[in-house]
Each structure stands twice: as C-alpha cells, then as structure tokens.
file protein.txt (compact mmCIF, C-alpha atoms)
# COMPACT_ATOMS: atom_id res chain seq x y z
CA MET A 1 92.66 74.82 80.09
CA PRO A 2 95.92 73.34 81.47
CA LYS A 3 96.78 74.08 85.09
CA ASP A 4 99.88 76.03 86.10
CA ALA A 5 101.94 75.22 89.18
CA PRO A 6 101.91 77.74 92.08
CA VAL A 7 104.44 80.55 91.62
CA ASP A 8 106.75 82.82 93.65
CA PRO A 9 104.36 85.73 94.38
CA ARG A 10 107.05 88.34 93.67
CA GLY A 11 107.13 87.32 89.99
CA PRO A 12 103.56 88.46 89.27
CA ARG A 13 104.18 91.70 91.21
CA PHE A 14 107.17 92.47 88.96
CA SER A 15 105.10 91.56 85.93
CA ALA A 16 102.30 93.88 87.11
CA TRP A 17 104.80 96.79 87.38
CA MET A 18 105.92 96.15 83.80
CA THR A 19 102.29 96.01 82.65
CA THR A 20 101.64 99.30 84.45
CA VAL A 21 104.54 100.91 82.57
CA VAL A 22 103.34 99.55 79.22
CA LEU A 23 99.80 100.84 79.83
CA ALA A 24 101.13 104.24 80.94
CA VAL A 25 103.13 104.50 77.69
CA VAL A 26 99.98 103.62 75.72
CA LEU A 27 98.02 106.35 77.51
CA LEU A 28 100.71 108.96 76.89
CA THR A 29 101.33 108.10 73.24
CA GLY A 30 98.04 106.55 72.05
CA TRP A 31 100.22 103.90 70.37
CA TRP A 32 97.55 101.24 69.84
CA ARG A 33 99.90 98.61 68.41
CA LEU A 34 101.64 98.41 71.77
CA LEU A 35 98.26 97.93 73.46
CA ALA A 36 97.44 95.23 70.89
CA ALA A 37 100.65 93.42 71.84
CA GLN A 38 99.73 93.71 75.53
CA THR A 39 96.28 92.30 74.71
CA VAL A 40 97.87 89.26 73.05
CA LEU A 41 100.13 88.80 76.08
CA PHE A 42 97.14 88.93 78.47
CA ALA A 43 95.32 86.38 76.30
CA MET A 44 98.27 83.97 76.23
CA CYS A 45 98.67 84.11 80.03
CA ALA A 46 94.94 83.82 80.73
CA PHE A 47 93.98 81.16 78.23
CA ILE A 48 97.15 79.12 77.62
CA SER A 49 99.75 79.35 80.39
CA LEU A 50 101.43 81.84 82.71
CA LYS A 51 104.73 80.39 81.50
CA LEU A 52 104.29 82.33 78.27
CA ASN A 53 104.69 85.63 80.11
CA PRO A 54 108.06 87.10 79.04
CA TRP A 55 108.22 89.23 82.23
CA GLY A 56 108.12 85.99 84.20
CA HIS A 57 111.29 84.87 82.41
CA VAL A 58 112.98 88.23 83.00
CA TYR A 59 112.07 87.88 86.69
CA ARG A 60 113.44 84.34 86.95
CA PHE A 61 116.72 85.03 85.17
CA ALA A 62 117.54 88.60 86.17
CA ILE A 63 115.79 89.36 89.47
CA GLN A 64 114.97 86.21 91.42
CA PRO A 65 118.65 85.14 91.80
CA ARG A 66 119.36 88.47 93.55
CA LEU A 67 116.53 88.11 96.07
CA THR A 68 116.34 86.02 99.23
CA PRO A 69 114.63 82.74 98.32
CA THR A 70 111.07 82.38 99.58
CA THR A 71 108.99 79.30 100.20
CA GLU A 72 105.82 81.35 99.80
CA ARG A 73 103.77 80.30 96.80
CA GLU A 74 100.72 81.77 95.18
CA GLU A 75 98.09 79.71 93.36
CA ALA A 76 98.00 80.24 89.61
CA ALA A 77 94.19 80.35 89.22
CA PRO A 78 93.71 83.89 90.63
CA LEU A 79 96.64 85.15 88.56
CA ARG A 80 95.23 83.75 85.36
CA PHE A 81 91.80 85.14 86.17
CA ALA A 82 93.39 88.58 86.63
CA GLN A 83 95.07 88.26 83.24
CA GLY A 84 91.65 87.46 81.76
CA VAL A 85 90.17 90.64 83.25
CA GLY A 86 93.16 92.59 81.88
CA PHE A 87 92.57 91.00 78.48
CA VAL A 88 88.98 92.27 78.30
CA PHE A 89 89.94 95.88 79.11
CA ALA A 90 92.99 95.83 76.80
CA LEU A 91 90.91 94.39 73.96
CA ILE A 92 88.26 97.11 74.32
CA GLY A 93 91.05 99.71 74.51
CA THR A 94 92.78 98.41 71.37
CA LEU A 95 89.52 98.36 69.40
CA GLY A 96 88.76 101.89 70.63
CA TYR A 97 92.12 103.36 69.59
CA ALA A 98 92.28 101.41 66.32
CA THR A 99 88.81 102.47 65.16
CA GLY A 100 89.22 106.11 66.08
CA LEU A 101 87.09 105.93 69.25
CA THR A 102 89.98 107.42 71.18
CA THR A 103 87.91 108.22 74.28
CA LEU A 104 86.86 104.57 74.58
CA GLY A 105 90.47 103.50 74.09
CA THR A 106 91.70 105.94 76.73
CA VAL A 107 89.07 105.00 79.34
CA ALA A 108 89.55 101.24 78.91
CA THR A 109 93.34 101.59 79.07
CA ALA A 110 93.11 103.82 82.16
CA LEU A 111 90.90 101.21 83.91
CA ALA A 112 93.36 98.45 83.03
CA LEU A 113 96.14 100.64 84.43
CA VAL A 114 94.24 101.12 87.72
CA ALA A 115 93.95 97.35 88.12
CA ALA A 116 97.58 96.69 87.15
CA LEU A 117 98.88 99.38 89.51
CA LEU A 118 96.82 98.10 92.47
CA ASN A 119 98.21 94.65 91.75
CA ALA A 120 101.79 95.89 91.47
CA ALA A 121 101.84 98.27 94.44
CA LEU A 122 99.58 96.45 96.92
CA GLY A 123 99.28 92.90 95.60
CA LEU A 124 95.54 93.53 95.30
CA CYS A 125 93.61 91.69 92.60
CA LEU A 126 90.33 93.57 92.23
CA GLY A 127 88.85 91.15 89.70
CA CYS A 128 89.62 88.18 91.95
CA GLU A 129 87.99 89.63 95.07
CA MET A 130 85.06 90.88 93.04
CA TYR A 131 84.61 87.62 91.14
CA LEU A 132 81.13 87.13 92.60
CA LEU A 133 80.15 90.64 91.55
CA LEU A 134 81.51 90.07 88.04
CA ARG A 135 79.73 86.77 87.79
CA ARG A 136 76.48 88.39 88.79
CA TYR A 137 76.59 91.38 86.47
CA ALA A 138 78.85 90.12 83.66
CA PRO A 139 78.28 86.37 83.61
CA ALA A 140 79.70 85.97 80.10
CA LEU A 141 82.99 87.41 81.30
CA ALA A 142 83.30 85.33 84.44
CA ARG A 143 81.87 81.98 83.43
CA PRO A 144 84.34 80.63 80.84
CA GLN A 145 87.05 81.09 83.47
CA SER A 146 85.29 78.91 85.99
CA GLN A 147 85.29 75.77 83.87
CA MET B 1 97.37 115.94 76.44
CA THR B 2 94.27 113.84 77.14
CA GLY B 3 96.58 110.90 77.77
CA VAL B 4 98.42 112.78 80.53
CA TRP B 5 95.14 113.60 82.30
CA ALA B 6 93.95 110.02 81.87
CA LEU B 7 97.19 108.76 83.40
CA LEU B 8 96.96 111.17 86.35
CA GLY B 9 93.30 110.24 86.81
CA ALA B 10 94.11 106.53 86.81
CA LEU B 11 96.86 107.06 89.40
CA ALA B 12 94.46 109.01 91.63
CA VAL B 13 91.69 106.41 91.31
CA ALA B 14 94.12 103.56 92.06
CA GLY B 15 95.36 105.45 95.14
CA ALA B 16 91.81 106.06 96.37
CA ILE B 17 90.75 102.43 95.86
CA GLY B 18 93.92 101.21 97.55
CA VAL B 19 93.36 103.39 100.64
CA LEU B 20 89.65 102.48 100.81
CA LEU B 21 90.31 98.74 100.61
CA LYS B 22 93.15 98.87 103.14
CA VAL B 23 90.92 100.76 105.59
CA ARG B 24 88.01 98.36 105.12
CA GLU B 25 90.14 95.20 105.20
CA GLY B 26 89.04 93.01 108.10
CA ARG B 27 86.18 95.35 109.03
CA ILE B 28 83.61 93.71 111.31
CA TYR B 29 79.97 94.57 110.72
CA ARG B 30 76.51 93.25 111.42
CA ARG B 31 73.62 92.39 109.15
CA ASP B 32 70.18 91.00 109.83
CA SER B 33 70.10 87.21 109.74
CA VAL B 34 68.69 85.69 106.57
CA ASP B 35 67.36 82.22 105.84
CA LEU B 36 70.57 80.27 105.41
CA PRO B 37 71.05 78.33 102.15
CA ALA B 38 71.45 74.57 102.70
CA PRO B 39 75.21 74.40 101.88
CA VAL B 40 75.83 76.91 104.69
CA ARG B 41 73.41 75.33 107.18
CA ASP B 42 75.18 71.98 106.72
CA LEU B 43 78.42 73.50 108.02
CA LEU B 44 77.09 74.71 111.37
CA ALA B 45 78.67 73.16 114.46
CA PRO B 46 77.83 73.60 118.17
CA GLY B 47 78.92 77.01 119.50
CA VAL B 48 79.89 79.59 116.89
CA THR B 49 80.98 78.63 113.38
CA LEU B 50 83.07 80.93 111.20
CA VAL B 51 81.83 80.21 107.68
CA GLN B 52 84.38 81.60 105.24
CA LEU B 53 83.16 82.13 101.68
CA SER B 54 85.93 81.73 99.10
CA THR B 55 86.39 81.33 95.36
CA THR B 56 89.05 79.59 93.28
CA PHE B 57 90.24 82.99 92.04
CA CYS B 58 90.70 84.58 95.43
CA ALA B 59 94.31 84.87 96.57
CA PRO B 60 93.67 86.47 100.04
CA CYS B 61 91.24 83.62 100.87
CA ARG B 62 94.24 81.46 101.70
CA HIS B 63 95.48 84.00 104.25
CA ALA B 64 92.01 84.27 105.77
CA LYS B 65 91.88 80.49 106.06
CA VAL B 66 95.18 80.37 107.95
CA VAL B 67 94.07 83.10 110.40
CA LEU B 68 90.62 81.63 111.02
CA SER B 69 91.54 77.95 111.32
CA ASP B 70 94.29 78.83 113.79
CA LEU B 71 91.90 81.01 115.81
CA ALA B 72 89.27 78.23 115.84
CA ASP B 73 91.84 75.62 116.93
CA ARG B 74 92.82 77.72 119.93
CA THR B 75 89.35 78.87 120.97
CA ASP B 76 86.75 76.71 122.73
CA GLY B 77 83.32 76.71 121.15
CA LEU B 78 84.60 78.18 117.88
CA SER B 79 84.95 76.28 114.62
CA HIS B 80 85.92 77.24 111.10
CA ALA B 81 84.57 75.99 107.77
CA GLU B 82 85.36 77.16 104.27
CA LEU B 83 82.74 77.15 101.51
CA ASP B 84 83.87 77.53 97.90
CA VAL B 85 81.15 79.56 96.16
CA THR B 86 82.86 79.76 92.74
CA ASN B 87 80.05 77.66 91.33
CA LEU B 88 77.43 78.62 93.90
CA PRO B 89 76.79 82.28 93.01
CA ASP B 90 73.18 81.96 94.21
CA VAL B 91 74.34 81.08 97.71
CA ALA B 92 76.58 84.16 97.76
CA ALA B 93 73.78 86.37 96.43
CA GLN B 94 71.31 85.04 99.01
CA LEU B 95 73.76 85.97 101.76
CA GLY B 96 74.42 89.38 100.16
CA VAL B 97 78.12 88.59 99.72
CA MET B 98 79.86 90.30 96.79
CA ARG B 99 83.53 89.92 97.61
CA THR B 100 85.72 87.15 98.89
CA PRO B 101 86.87 86.36 101.44
CA THR B 102 83.80 87.23 103.49
CA THR B 103 83.38 85.40 106.79
CA LEU B 104 80.07 84.93 108.61
CA ALA B 105 80.02 84.06 112.32
CA LEU B 106 76.91 81.91 112.86
CA THR B 107 75.45 80.27 115.94
CA ALA B 108 74.36 76.62 115.88
CA ASP B 109 70.79 77.86 115.25
CA GLY B 110 71.93 79.79 112.20
CA VAL B 111 71.71 83.27 113.74
CA GLU B 112 74.28 85.64 112.28
CA VAL B 113 76.46 87.19 115.00
CA LEU B 114 78.67 89.27 112.71
CA ARG B 115 80.50 89.20 109.43
CA VAL B 116 83.98 90.22 108.30
CA GLY B 117 85.03 91.50 104.86
CA GLY B 118 88.53 90.64 103.67
CA VAL B 119 91.25 88.96 105.72
CA PRO B 120 90.10 89.15 109.38
CA LYS B 121 92.24 90.74 112.08
CA ARG B 122 92.63 88.09 114.71
CA ASP B 123 92.44 90.15 117.91
CA SER B 124 89.53 92.39 117.00
CA LEU B 125 87.56 89.42 115.68
CA LEU B 126 88.11 87.44 118.87
CA ALA B 127 87.05 90.43 120.97
CA ALA B 128 83.85 90.84 118.94
CA LEU B 129 83.06 87.12 119.22
CA GLN B 130 83.77 86.86 122.95
CA PRO B 131 80.19 87.62 124.21
CA HIS B 132 78.86 84.77 122.05
CA LEU B 133 81.38 82.14 123.14
CA PRO B 134 80.93 79.78 126.12
call {"tool": "encode", "arguments": {"input": "protein.txt", "output": "structure tokens"}}
result
Amino acid sequence: MPKDAPVDPRGPRFSAWMTTVVLAVVLLTGWWRLLAAQTVLFAMCAFISLKLNPWGHVYRFAIQPRLTPTTEREEAAPLRFAQGVGFVFALIGTLGYATGLTTLGTVATALALVAALLNAALGLCLGCEMYLLLRRYAPALARPQSQ
Amino acid sequence: MTGVWALLGALAVAGAIGVLLKVREGRIYRRDSVDLPAPVRDLLAPGVTLVQLSTTFCAPCRHAKVVLSDLADRTDGLSHAELDVTNLPDVAAQLGVMRTPTTLALTADGVEVLRVGGVPKRDSLLAALQPHLP
C-alpha cells in the first residue's frame, strides 16, 4: 500500500461534507447506484491513494485558493483508515439495497452518515480513535490496514 | 418515508455522540493499578511518567503529544513517553484501553496515579498531578 504525503486538514473536512450529502441523498432516495459509486470511491481512497478522491481536487482548485494558507498538516494514515471504515459500511449498504434488504441498506447507510457527519462537523474520526476496539472485536476489518 | 426518518435518526445520533465525546474529551479518571506489561514498564522514569498510548491511525494523538511533551519539559519530576500500540493490541487490552489517545500517569514503581481519555487539558491535568510531584 503506497504512502500518501500529509495533507491540508481542511481538504478532508470538505470531502467529509460532500460524503455526508451523498449519503443523505442515498437515504432519501434509496438510489443504490449512487451508494455503489460512493463505495468505489471509499475503496480507491483507502486501498490505493487519497489523491484519487475527486473532492480533494475540487478543494484544491476551487476552495483552497480562497482560504488563508495553513502550515498545519494531517497525516494520511488516519484518513485512509477512515475511508476503509466508510468502505465497509457503504459496501454493506449497497448490497442491502441492491438485493432488496432495504432495512439493512438503510441502517448501514445511516451509520456511514453518522461517521461522515462527525468527521465533517467536528473533525472527529470515530474509527481512528476506536481502532483498538475494532481490532479487538472485528480483527478482520482492522488488520489488513495495519500492514 | 423510511429514508427521512433514517436521516433524522442519523443526525440525532451524530449530535449525541459529538456532545458526549466533547464532554468526555480530556476527562481525568482513576482506575486500580494493574500489572504493567513490559513495553510500558520499560518507559518508566523517576518521578511521574505520562505514558501516552497511540496508534498510527489516530489523528488527535499528535495534539496530545504536543500538549504532554511541552508540559513534561516545563515540569520537574514529570516525563512523557509515547507508546504506539497499533501492533500491540494485547498491551492495550491488558491496560483496559479502548481508545487513543489514552494517557496513563505512572509512578517510578508502576503505580497508576490517574489516566486521561482523549487530548488532555493542560491545566486540569497539572492540578491533578501536583500532589504526586516533588
């Protein structure tokens, strides 16, 4: 898994707001193809590189030039881990909606939305702080990320 | 219609978690001392040592490190050490630590004075440590 350079922390916050909006639209419409696209996006960011995140490009070209520059940088590892957690919930949600298990789809999407919103509004990454808990009770989910 | 309720529910849950975590951030509490795992015992210095447990995936751990190392630099008899438990889940479990950063204040003999969940608040931590410092 290639390493990403540290990033301007406001980029991921913007990205988290966009993710929150996408997940809210999925909840309201049940449009599983949109959730499938979000799942692919989570997977690309978590397993390949954060640079593949289109919201990151929107941030760099449209928003960052309007903001005061900051020297603050955030490590990429927690961000990618968060994308991995998002991937798991979005995948379960997509499978739920696509196979007619709408309740499963709704619950998984709602949980992903909780995490995305906490990240966007407060900069909190639940999965990152609870990594030890995840590793203890869902080792298969946490371990591939730690390699 | 279910989707609307699910969305409202998610917003409410996120709000509740956010408030809960903000309130508990930097909370100081006490637990009975346990037998310290070797990687922790190796870090103990004379006086009180703040052993900060971190993981690679923990963004606030960096902030905690800045607060604690600065506090230790300015306080006699206090030192700071960071232990990355990403690949030491057994150490974390033995100490009963589920979230990072969690900081344990330990005496040179390995007695636990207190512990702090989340990014510590400098002043309240120093006040709580004061009776144990030279």
call {"tool": "atom_distance", "arguments": {"input": "protein.txt", "atom1": "atom CA of Gly77 of chain B", "atom2": "atom CA of Gly47 of chain B"}}
result
4.7 Å
call {"tool": "atom_distance", "arguments": {"input": "protein.txt", "atom1": "atom CA of Ser69 of chain B", "atom2": "atom CA of Thr103 of chain B"}}
result
11.9 Å
call {"tool": "closest_residue", "arguments": {"input": "protein.txt", "among": "A:Leu122, A:Arg10, A:Tyr137, A:Thr68", "to": "chain B", "atoms": "only C-alpha atoms"}}
result
A:Leu122
call {"tool": "residues_around", "arguments": {"input": "protein.txt", "residues": "Leu21 of chain B", "least_positions_apart": "2", "cutoff": "12 Å", "atoms": "all atoms listed in the file", "output": "PyMOL selection string"}}
result
(chain A and resi 118+122-126+129) or (chain B and resi 14-19+23-27+99+117-119)
call {"tool": "closest_residue", "arguments": {"input": "protein.txt", "among": "B:Leu88, B:Leu95, B:Val66, B:Leu71", "to": "Ser124 of chain B", "atoms": "all atoms listed in the file"}}
result
B:Leu71
call {"tool": "atom_distance", "arguments": {"input": "protein.txt", "atom1": "atom CA of Glu72 of chain A", "atom2": "atom CA of Val7 of chain A"}}
result
8.3 Å
call {"tool": "interface_residues", "arguments": {"input": "protein.txt", "of": "chain B", "to": "chain A", "cutoff": "9 Å", "atoms": "all atoms listed in the file", "output": "count of residues only"}}
result
34
